[in-house]
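Student: Structure file query.cif, mmCIF, C-alpha atoms, is pasted below:
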```cif
data_input
loop_
_atom_site.label_atom_id
_atom_site.label_comp_id
_atom_site.auth_asym_id
_atom_site.auth_seq_id
_atom_site.Cartn_x
_atom_site.Cartn_y
_atom_site.Cartn_z
CA MET E 1 13.99 -8.03 -4.34
CA GLN E 2 14.91 -7.56 -7.98
CA ARG E 3 16.91 -4.53 -9.03
CA SER E 4 16.47 -2.64 -12.29
CA GLU E 5 19.58 -4.26 -13.72
CA THR E 6 19.17 -3.42 -17.40
CA ARG E 7 16.03 -1.27 -17.45
CA ILE E 8 13.67 0.46 -15.02
CA LEU E 9 11.27 -2.13 -13.63
CA THR E 10 7.64 -1.19 -13.05
CA THR E 11 5.30 -2.07 -10.21
CA HIS E 12 2.38 -0.62 -8.26
CA THR E 13 1.38 -0.25 -4.64
CA GLY E 14 -1.23 -2.93 -4.17
CA SER E 15 -4.95 -2.53 -4.61
CA LEU E 16 -6.56 -2.55 -8.05
CA PRO E 17 -10.24 -2.01 -8.93
CA ARG E 18 -12.47 -4.91 -7.94
CA PRO E 19 -15.41 -6.09 -10.05
CA PRO E 20 -18.65 -4.21 -9.20
CA SER E 21 -20.43 -7.32 -7.95
CA LEU E 22 -17.55 -8.17 -5.61
CA THR E 23 -17.39 -4.58 -4.37
CA ARG E 24 -21.10 -4.72 -3.61
CA LEU E 25 -20.70 -7.89 -1.53
CA TYR E 26 -17.79 -6.42 0.41
CA ALA E 27 -19.65 -3.15 1.05
CA GLN E 28 -22.76 -4.92 2.32
CA ARG E 29 -20.73 -7.18 4.58
CA SER E 30 -18.76 -4.25 6.02
CA MET E 31 -22.06 -2.64 7.09
CA GLY E 32 -23.13 -5.78 8.93
CA ARG E 33 -25.50 -7.10 6.31
CA ALA E 34 -25.66 -10.81 5.59
CA VAL E 35 -23.94 -12.00 2.42
CA ASP E 36 -23.30 -15.45 0.99
CA GLU E 37 -19.69 -15.98 2.03
CA SER E 38 -19.19 -18.80 -0.47
CA VAL E 39 -20.20 -16.47 -3.30
CA ALA E 40 -17.90 -13.71 -2.02
CA ALA E 41 -15.01 -16.19 -1.75
CA GLU E 42 -15.49 -17.56 -5.26
CA GLU E 43 -15.85 -14.10 -6.78
CA GLY E 44 -12.66 -13.06 -4.99
CA ARG E 45 -10.75 -16.01 -6.42
CA ALA E 46 -12.12 -15.32 -9.90
CA ALA E 47 -11.09 -11.68 -9.61
CA VAL E 48 -7.51 -12.71 -8.80
CA ARG E 49 -7.40 -14.97 -11.84
CA ALA E 50 -8.55 -12.05 -13.98
CA ILE E 51 -6.36 -9.32 -12.50
CA VAL E 52 -3.01 -11.10 -12.78
CA PRO E 53 -2.82 -11.31 -16.60
CA LYS E 54 -4.15 -7.77 -16.91
CA GLN E 55 -1.11 -6.51 -15.00
CA VAL E 56 1.23 -8.38 -17.32
CA GLU E 57 -0.60 -7.10 -20.38
CA ALA E 58 -0.28 -3.53 -19.05
CA GLY E 59 3.50 -3.99 -18.86
CA LEU E 60 4.04 -4.31 -15.12
CA ASP E 61 7.08 -6.27 -13.97
CA VAL E 62 6.46 -6.72 -10.23
CA ILE E 63 2.84 -7.70 -9.72
CA ASN E 64 0.40 -8.86 -7.05
CA ASN E 65 -3.14 -10.18 -6.60
CA GLY E 66 -4.69 -6.70 -6.66
CA GLU E 67 -5.97 -7.36 -3.11
CA GLN E 68 -9.06 -8.81 -4.76
CA GLN E 69 -9.77 -11.26 -1.92
CA ARG E 70 -9.72 -8.42 0.65
CA ASP E 71 -12.33 -5.74 1.22
CA SER E 72 -9.80 -3.21 2.54
CA PHE E 73 -6.04 -2.91 2.76
CA ALA E 74 -6.28 -3.26 6.56
CA LEU E 75 -9.83 -4.00 7.71
CA TYR E 76 -9.88 -7.44 6.07
CA LEU E 77 -8.16 -8.44 9.31
CA ARG E 78 -11.49 -8.22 11.15
CA HIS E 79 -12.11 -11.68 9.67
CA ARG E 80 -8.68 -13.04 10.67
CA LEU E 81 -8.05 -11.77 14.21
CA THR E 82 -9.57 -12.71 17.55
CA GLY E 83 -10.54 -10.12 20.14
CA LEU E 84 -12.38 -7.68 17.89
CA GLY E 85 -15.83 -6.31 18.67
CA GLU E 86 -18.04 -3.55 17.32
CA GLY E 87 -18.24 0.19 17.87
CA GLY E 88 -14.82 1.51 16.99
CA THR E 89 -14.30 5.17 16.11
CA ARG E 90 -11.73 7.07 14.08
CA HIS E 91 -10.40 10.62 14.21
CA GLY E 92 -11.08 12.87 11.24
CA TRP E 93 -8.40 14.38 9.02
CA GLN E 94 -7.16 17.81 9.99
CA ASP E 95 -6.84 19.11 6.43
CA ILE E 96 -10.44 18.21 5.53
CA ASP E 97 -11.82 19.73 8.72
CA SER E 98 -10.01 22.98 7.88
CA TYR E 99 -12.12 23.50 4.75
CA PRO E 100 -15.84 23.21 5.64
CA GLU E 101 -17.17 23.65 2.11
CA PHE E 102 -14.85 21.00 0.78
CA LYS E 103 -15.64 18.71 3.74
CA ALA E 104 -19.37 18.88 3.02
CA GLN E 105 -18.80 17.98 -0.61
CA PHE E 106 -16.30 15.26 0.33
CA LEU E 107 -18.75 13.62 2.73
CA GLU E 108 -21.61 13.87 0.26
CA GLN E 109 -19.58 12.14 -2.44
CA SER E 110 -18.28 9.50 -0.02
CA THR E 111 -21.69 8.52 1.33
CA ALA E 112 -23.15 8.29 -2.16
CA LYS E 113 -20.88 5.37 -2.99
CA GLU E 114 -21.58 1.73 -2.28
CA ALA E 115 -18.19 1.05 -0.80
CA VAL E 116 -16.22 -0.22 2.18
CA SER E 117 -15.28 2.54 4.63
CA ASN E 118 -12.05 2.83 6.60
CA THR E 119 -13.74 5.32 8.94
CA SER E 120 -17.23 3.89 9.58
CA TYR E 121 -18.55 0.55 10.89
CA LEU E 122 -15.19 -0.02 12.54
CA PRO E 123 -14.23 -2.83 14.88
CA ALA E 124 -12.47 -2.28 18.20
CA ALA E 125 -10.10 -4.47 20.18
CA VAL E 126 -12.15 -5.67 23.15
CA ALA E 127 -10.18 -8.79 24.11
CA GLU E 128 -6.81 -10.40 23.48
CA VAL E 129 -5.81 -10.06 19.83
CA SER E 130 -4.29 -13.03 18.05
CA TYR E 131 -4.28 -14.57 14.61
CA ILE E 132 -7.02 -17.16 14.30
CA ASP E 133 -5.07 -19.50 11.98
CA ASP E 134 -3.05 -19.14 8.81
CA GLY E 135 -5.46 -21.11 6.64
CA VAL E 136 -7.04 -18.07 4.99
CA MET E 137 -3.63 -16.51 4.32
CA VAL E 138 -2.31 -19.77 2.90
CA ASP E 139 -5.35 -20.02 0.64
CA GLU E 140 -4.78 -16.46 -0.56
CA CYS E 141 -1.17 -17.32 -1.40
CA ASP E 142 -2.22 -20.53 -3.17
CA VAL E 143 -4.85 -18.74 -5.26
CA PHE E 144 -2.28 -16.13 -6.28
CA ARG E 145 0.35 -18.72 -7.10
CA ALA E 146 -2.12 -20.62 -9.31
CA ALA E 147 -3.07 -17.37 -11.08
CA LEU E 148 0.60 -16.70 -11.84
CA GLN E 149 1.17 -20.00 -13.62
CA PRO E 150 -0.39 -19.02 -16.98
CA VAL E 151 1.87 -15.92 -17.15
CA LYS E 152 5.04 -17.58 -15.91
CA GLY E 153 8.10 -15.97 -17.48
CA ARG E 154 6.21 -12.79 -18.35
CA PHE E 155 6.81 -10.95 -15.07
CA VAL E 156 9.87 -10.42 -12.91
CA GLU E 157 8.61 -10.82 -9.36
CA ALA E 158 5.43 -11.10 -7.30
CA PHE E 159 4.44 -9.50 -4.02
CA LEU E 160 1.65 -9.51 -1.48
CA ALA E 161 0.86 -6.73 0.96
CA ALA E 162 -0.01 -6.70 4.65
CA PRO E 163 -0.66 -3.72 6.94
CA SER E 164 1.65 -2.46 9.63
CA PRO E 165 0.73 -2.94 13.29
CA GLY E 166 0.56 0.85 13.54
CA ILE E 167 -2.18 1.43 10.99
CA VAL E 168 -4.24 -1.42 12.45
CA ALA E 169 -3.85 0.11 15.93
CA ALA E 170 -4.92 3.49 14.55
CA ILE E 171 -8.04 2.19 12.79
CA VAL E 172 -9.03 -0.52 15.28
CA GLN E 173 -9.37 1.25 18.63
CA ASN E 174 -7.77 -0.35 21.70
CA ARG E 175 -10.30 -1.05 24.46
CA HIS E 176 -8.54 -3.97 26.09
CA TYR E 177 -4.80 -3.50 26.56
CA ALA E 178 -3.44 -1.42 29.42
CA THR E 179 -0.95 0.39 27.20
CA ASP E 180 -0.56 1.26 23.55
CA ASP E 181 2.76 -0.55 23.51
CA ALA E 182 1.13 -3.76 24.70
CA TYR E 183 -1.49 -3.44 21.96
CA LEU E 184 1.17 -2.78 19.30
CA ALA E 185 3.16 -5.80 20.48
CA ALA E 186 0.09 -8.05 20.27
CA LEU E 187 -0.71 -6.81 16.77
CA GLY E 188 2.90 -7.27 15.69
CA GLU E 189 2.91 -10.85 16.88
CA ALA E 190 -0.43 -11.56 15.20
CA LEU E 191 0.63 -9.98 11.90
CA ARG E 192 3.92 -11.87 11.96
CA ILE E 193 1.89 -14.91 10.88
CA GLU E 194 0.88 -13.18 7.66
CA TYR E 195 4.28 -11.65 7.05
CA GLU E 196 6.07 -14.98 7.31
CA ALA E 197 3.43 -16.87 5.30
CA ILE E 198 3.76 -14.46 2.38
CA VAL E 199 7.53 -14.84 2.21
CA ALA E 200 7.40 -18.60 2.81
CA HIS E 201 5.24 -18.88 -0.33
CA GLY E 202 7.95 -17.18 -2.37
CA PHE E 203 6.48 -13.68 -2.60
CA LEU E 204 7.88 -10.32 -1.61
CA LEU E 205 6.22 -8.80 1.43
CA GLN E 206 5.03 -5.21 1.13
CA LEU E 207 4.30 -3.58 4.46
CA ASP E 208 1.59 -0.92 4.13
CA CYS E 209 2.45 1.77 6.67
CA PRO E 210 0.39 4.91 6.01
CA ASP E 211 0.37 5.40 9.78
CA LEU E 212 3.99 6.60 9.65
CA ALA E 213 2.76 9.75 7.84
CA LEU E 214 -1.06 9.85 7.86
CA GLU E 215 -1.56 9.65 11.62
CA ARG E 216 0.20 12.99 12.12
CA HIS E 217 -2.90 14.80 10.77
CA CYS E 218 -5.32 12.22 12.17
CA SER E 219 -4.69 10.59 15.56
CA TYR E 220 -1.90 13.04 16.45
CA ARG E 221 -3.41 16.17 14.91
CA ASP E 222 -3.65 18.02 18.24
CA ARG E 223 -0.44 16.72 19.78
CA PRO E 224 3.20 17.78 19.49
CA LEU E 225 5.27 16.52 16.60
CA ALA E 226 7.62 14.84 19.06
CA GLU E 227 4.82 12.56 20.25
CA PHE E 228 4.07 11.52 16.69
CA ILE E 229 7.74 10.83 16.02
CA ASP E 230 7.81 8.68 19.15
CA PHE E 231 4.75 6.79 17.85
CA GLY E 232 6.52 6.19 14.55
CA GLU E 233 9.65 4.91 16.26
CA ARG E 234 7.61 2.49 18.35
CA VAL E 235 5.78 1.23 15.27
CA VAL E 236 9.01 0.70 13.34
CA ALA E 237 10.52 -1.15 16.31
CA THR E 238 7.42 -3.37 16.38
CA ILE E 239 7.72 -4.01 12.64
CA ASN E 240 11.40 -4.89 12.95
CA HIS E 241 10.57 -7.42 15.64
CA ALA E 242 7.71 -8.89 13.60
CA ILE E 243 9.91 -9.42 10.52
CA ARG E 244 12.92 -10.69 12.46
CA ASN E 245 12.77 -14.08 10.71
CA ILE E 246 12.51 -12.62 7.20
CA PRO E 247 15.54 -11.58 5.11
CA ARG E 248 15.37 -7.83 4.69
CA ASP E 249 15.73 -8.06 0.91
CA ARG E 250 12.34 -9.79 0.82
CA VAL E 251 10.50 -6.81 2.34
CA ARG E 252 9.55 -3.41 0.96
CA LEU E 253 7.74 -0.76 2.98
CA HIS E 254 5.11 1.69 1.72
CA VAL E 255 4.38 5.02 3.41
CA CYS E 256 1.84 7.64 2.37
CA TRP E 257 -0.27 10.49 3.75
CA GLY E 258 -3.67 8.94 3.05
CA ASN E 259 -5.11 7.83 -0.27
CA TYR E 260 -7.78 10.49 -0.60
CA GLU E 261 -8.11 13.64 -2.69
CA GLY E 262 -7.97 16.55 -0.28
CA PRO E 263 -5.95 19.65 0.59
CA HIS E 264 -3.15 17.68 2.32
CA ASP E 265 -1.76 20.96 3.61
CA SER E 266 -1.56 19.46 7.10
CA ASP E 267 0.68 16.60 5.96
CA VAL E 268 3.83 16.14 7.98
CA PRO E 269 6.84 16.85 5.75
CA LEU E 270 8.83 13.80 4.72
CA ARG E 271 11.96 15.42 6.13
CA ASP E 272 10.48 15.11 9.63
CA ILE E 273 9.67 11.42 9.36
CA LEU E 274 12.26 10.01 6.96
CA PRO E 275 14.81 9.34 9.73
CA VAL E 276 12.16 7.21 11.45
CA ILE E 277 11.17 5.38 8.25
CA LEU E 278 14.81 4.58 7.49
CA GLN E 279 15.08 2.69 10.78
CA ALA E 280 13.00 -0.11 9.24
CA LYS E 281 15.07 -3.21 8.49
CA VAL E 282 13.73 -3.66 4.97
CA GLY E 283 15.18 -3.90 1.49
CA GLY E 284 13.28 -1.04 -0.07
CA PHE E 285 10.74 1.73 0.28
CA VAL E 286 7.66 2.65 -1.75
CA LEU E 287 7.05 6.40 -1.54
CA PRO E 288 4.71 8.85 -3.36
CA PHE E 289 6.38 11.49 -5.51
CA ALA E 290 3.71 12.14 -8.16
CA ASN E 291 1.04 14.05 -6.23
CA PRO E 292 1.31 17.85 -5.98
CA ARG E 293 2.02 17.91 -2.23
CA HIS E 294 5.03 15.59 -2.10
CA ALA E 295 6.48 15.61 -5.62
CA HIS E 296 9.56 17.53 -4.50
CA GLU E 297 10.55 15.38 -1.56
CA PHE E 298 12.63 12.82 -3.45
CA ARG E 299 15.47 15.34 -3.13
CA LEU E 300 15.78 14.46 0.56
CA PHE E 301 17.70 11.33 -0.37
CA GLU E 302 20.65 13.56 -1.29
CA HIS E 303 21.10 14.24 2.42
CA MET E 304 19.46 11.16 3.95
CA PRO E 305 20.57 8.38 1.62
CA LEU E 306 19.32 4.82 1.57
CA ALA E 307 21.62 2.05 2.68
CA SER E 308 23.74 0.73 -0.18
CA ASP E 309 21.65 -2.44 -0.50
CA GLN E 310 18.23 -0.73 -0.45
CA LEU E 311 15.94 0.11 -3.37
CA LEU E 312 13.39 2.86 -3.90
CA VAL E 313 10.06 2.35 -5.64
CA ALA E 314 9.28 5.91 -6.69
CA GLY E 315 5.63 6.86 -7.06
CA VAL E 316 5.47 8.53 -10.49
CA ILE E 317 1.73 7.97 -11.07
CA ASP E 318 -0.92 9.86 -9.06
CA THR E 319 -3.69 7.47 -8.03
CA LEU E 320 -6.21 10.25 -7.31
CA THR E 321 -6.48 12.13 -10.59
CA ASN E 322 -8.08 11.08 -13.87
CA PHE E 323 -5.27 12.74 -15.80
CA ILE E 324 -3.24 10.01 -17.50
CA GLU E 325 0.34 11.14 -17.12
CA HIS E 326 2.32 11.61 -20.32
CA PRO E 327 5.08 9.02 -20.67
CA GLU E 328 7.67 11.80 -21.03
CA THR E 329 6.51 13.27 -17.71
CA ILE E 330 6.84 9.86 -16.12
CA ALA E 331 10.30 9.40 -17.61
CA ASP E 332 11.40 12.79 -16.29
CA ARG E 333 10.23 11.85 -12.79
CA ILE E 334 12.08 8.55 -12.91
CA GLU E 335 15.29 10.19 -14.13
CA ARG E 336 15.23 12.85 -11.41
CA VAL E 337 14.83 10.20 -8.71
CA ALA E 338 17.58 8.06 -10.23
CA ALA E 339 19.95 11.04 -10.24
CA VAL E 340 19.40 11.63 -6.53
CA ILE E 341 19.73 7.95 -5.61
CA GLY E 342 22.88 7.80 -7.72
CA ASP E 343 22.19 4.46 -9.36
CA PRO E 344 19.24 3.71 -11.66
CA LYS E 345 19.55 0.02 -10.81
CA ARG E 346 18.24 0.85 -7.34
CA VAL E 347 15.10 2.58 -8.64
CA LEU E 348 11.77 1.08 -9.68
CA ALA E 349 8.83 3.03 -11.07
CA GLY E 350 5.51 2.72 -9.27
CA THR E 351 2.33 4.43 -8.16
CA ASP E 352 1.76 6.79 -5.25
CA CYS E 353 -0.67 4.41 -3.56
CA GLY E 354 -3.26 1.77 -4.36
CA PHE E 355 -6.11 2.46 -6.75
CA ASP E 356 -8.85 0.98 -4.55
CA THR E 357 -7.54 0.68 -0.98
CA ALA E 358 -11.05 0.05 0.34
CA ALA E 359 -13.40 -1.66 -2.08
CA GLY E 360 -15.34 0.92 -4.05
CA ARG E 361 -13.45 3.93 -2.64
CA GLY E 362 -11.15 4.37 -5.61
CA ARG E 363 -11.61 7.66 -7.45
CA LEU E 364 -10.68 6.30 -10.85
CA THR E 365 -12.61 4.06 -13.20
CA SER E 366 -11.03 0.80 -14.20
CA ASP E 367 -10.25 1.94 -17.75
CA ILE E 368 -8.39 5.00 -16.46
CA VAL E 369 -6.38 2.82 -14.04
CA TRP E 370 -5.17 0.58 -16.84
CA GLY E 371 -4.46 3.59 -19.02
CA LYS E 372 -2.24 4.99 -16.28
CA LEU E 373 -0.41 1.69 -15.86
CA ARG E 374 0.26 1.47 -19.58
CA ALA E 375 1.62 5.01 -19.43
CA LEU E 376 3.85 3.90 -16.55
CA ARG E 377 5.23 1.14 -18.77
CA ASP E 378 5.86 3.57 -21.63
CA GLY E 379 7.49 6.15 -19.39
CA ALA E 380 9.79 3.54 -17.86
CA ARG E 381 10.87 2.48 -21.36
CA ILE E 382 11.76 6.07 -22.24
CA ALA E 383 13.71 6.52 -19.01
CA SER E 384 15.47 3.19 -19.50
CA ALA E 385 16.71 4.25 -22.92
CA ARG E 386 18.32 7.29 -21.31
CA LEU E 387 19.59 5.74 -18.10
CA PHE E 388 21.11 2.51 -19.38
CA PRO E 389 23.76 2.01 -22.09
CA GLU E 390 22.43 1.34 -25.56
CA GLY E 391 21.74 -2.31 -26.17
CA GLN E 392 21.51 -3.22 -22.49
CA GLN E 393 17.73 -3.08 -22.21
CA ALA E 394 15.90 -6.35 -21.85
CA GLU E 395 12.25 -6.90 -22.55
CA ILE E 396 10.20 -9.62 -20.90
CA ALA E 397 9.11 -12.04 -23.61
#
```
Before we go any further, please render this structure as C-alpha cells.
Tutor:
Amino acid sequence: MQRSETRILTTHTGSLPRPPSLTRLYAQRSMGRAVDESVAAEEGRAAVRAIVPKQVEAGLDVINNGEQQRDSFALYLRHRLTGLGEGGTRHGWQDIDSYPEFKAQFLEQSTAKEAVSNTSYLPAAVAEVSYIDDGVMVDECDVFRAALQPVKGRFVEAFLAAPSPGIVAAIVQNRHYATDDAYLAALGEALRIEYEAIVAHGFLLQLDCPDLALERHCSYRDRPLAEFIDFGERVVATINHAIRNIPRDRVRLHVCWGNYEGPHDSDVPLRDILPVILQAKVGGFVLPFANPRHAHEFRLFEHMPLASDQLLVAGVIDTLTNFIEHPETIADRIERVAAVIGDPKRVLAGTDCGFDTAAGRGRLTSDIVWGKLRALRDGARIASARLFPEGQQAEIA
C-alpha cells in the first residue's frame, strides 16, 4: 500500500456512477425480471473501460473499476455463492424510523428510482454457502487489468473491493446454519476466494465493512451496545482468518454508518467501535470524516493511534450532498487529520463512501461526482504544498 511519500495521494471508496442503461439492467435483474445476461456483461466491461481513464483525468492516484460489473457493493454475491434462496428480510434503520415525516419522504423518493435495493428483493441463506468458482472474479480482475493498460504510469496503485462477511450476514438472512458463528465462518471461507484472487492479480484489497458501524442502528438497534461490540469482534476475527494468507499491507478496511442521507443521530460513536476496528490485521483504514455527523471523530487517533505501519484514508468528501467542497476546505480537513496522525506520509485523501453503492441509488449526478473528485485533487495539492517541504512534491506525468 503506497504511502504519501512526497505529496498527499488521492483515492475514493469504491463505487462510481454506472451508465443509465447498465443501471436499468441491474435494477430489472434484482427484481427478478429476465435480462439478457450477455448484454449486461458486455455493458459492464465497457463501463470499466470508460471509468478507469476518467479517474485518472480527475486526478485520482489510487483507482479501481468503479464496481461497474457489480449491481451492488455486496449483493452481487447472489450470483457467486451457492446456498442462497429468495425471501430475505432486513431490519430498518433506527434514525429513519424516529422521524416519520422524513421516513415517508425518504421511502417515496427511494421507490421512485429505477435502482437496485439493499433492503428489498433480498436473498437468504437456505443451504450451505460456498463460492461457486473463481472464474467470474478472475474475469473481473482481467477486465480491470486490461482497462489499466492505456493509463499505465498515470496512477499510483489500483484496488478492488469486496464485502466483509459481517455485512453479507446482515443483509442475507441466515436460515440454514445452527449458529451465527457458523454462518460467519462459512461466509468468511467463501469470501476468502475473492480476497485472495484480488491480491493475486496485483491489486490492493479493500474490505467494505459498514456492518462494524451501521448494524448498531439496524440489526442491533434494540439490543445492548455490548452485544453489538461482541458482533463486531466476531466479524473482525472472521476477517482476520479469511485474510490470513494476504500480507497486511495489501489490505485496507472501510467502515461507515450507511451511505444514505438521513438523521444519523442513532449512529454509534466511533469511540465505541474503534478499538474493535483496530483489531483488524490490515495495513490501513478508510473512514468518513466529511459528513456532519462524524467530521470531528478523527481526533480519536490522538488517544487510539494506528500501528506505526498503518495508513489512514481520510474521507474529506461527502458522497451524499451536491455541494462541491471548496479545495481549501478539503485541504484544511487533510491537514487536521495529518496533524493528529503525526505524519502526513501516512495519510491519503478520499471520500466518505462510494457514490453509487447499489446501482441507481446514488444521490449525486455523474457530473457532480466528477466535480467533487476534481476538487479532491485540488485540495490535496494545496495540502501537499503545506505539509511537505518545498520542491518535494511529485506529479504523475
Student: Would you mind reading off the distance between CA of Gly92 (chain E) and CA of Arg221 (chain E), one decimal, in Å?
Tutor: 9.1 Å
Student: Skip Leu77 (chain E) itself and residues of its chain fewer than 2 positions away, then list as an MDAnalysis selection string all residues within 12 Å of it, counting only C-alpha atoms.
Tutor: chainID E and resid 30 69:75 79:84 122:125 129:134 136:137 162:165 167:169 171:172 187 190:191 194
Student: Can you work out the spacing between CA of Thr11 (chain E) and CA of Ile243 (chain E) in Å, to one decimal?
Tutor: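 Going from CA of Thr11 (chain E) over to CA of Ile243 (chain E), I get 22.5 Å.
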Student: Using the chain letters and numbers from this file, what does the PyMOL selection byres ((chain E and resi 332-345) around 7) select? Give the answer as an NGL selection string.
Tutor: :E and (3-5 or 298-299 or 301-302 or 316 or 328-331 or 346-347 or 349 or 383 or 387)
Student: Which protein, DNA or RNA residues are at most 6 Å from (4.2, 8.9, -5.0) in the file's coordinates when you count all atoms listed in the file, listed as a ChimeraX atom specification?
Tutor: /E:287-290,315-316,351-352
Student: Nearest to Asp265 (chain E) among E:Ala314, E:Ile96, E:Ala58, E:Ala161, with distances taken over all atoms listed in the file: which residue is it?
Tutor: E:Ile96
Student: Could you check which of E:Leu253, E:Val268, E:Leu300, E:Ala295 is closest to Leu225 (chain E), using all atoms listed in the file?
Tutor: E:Val268
Student: Residues within 8 Å of region 40-57 of chain E, please, as a PyMOL selection string. Count only C-alpha atoms; anything in the same chain fewer than 3 positions from it doesn't count.
Tutor: chain E and resi 18-19+22+25-26+35-37+60-61+63-70+143-144+147-148+151+154-155
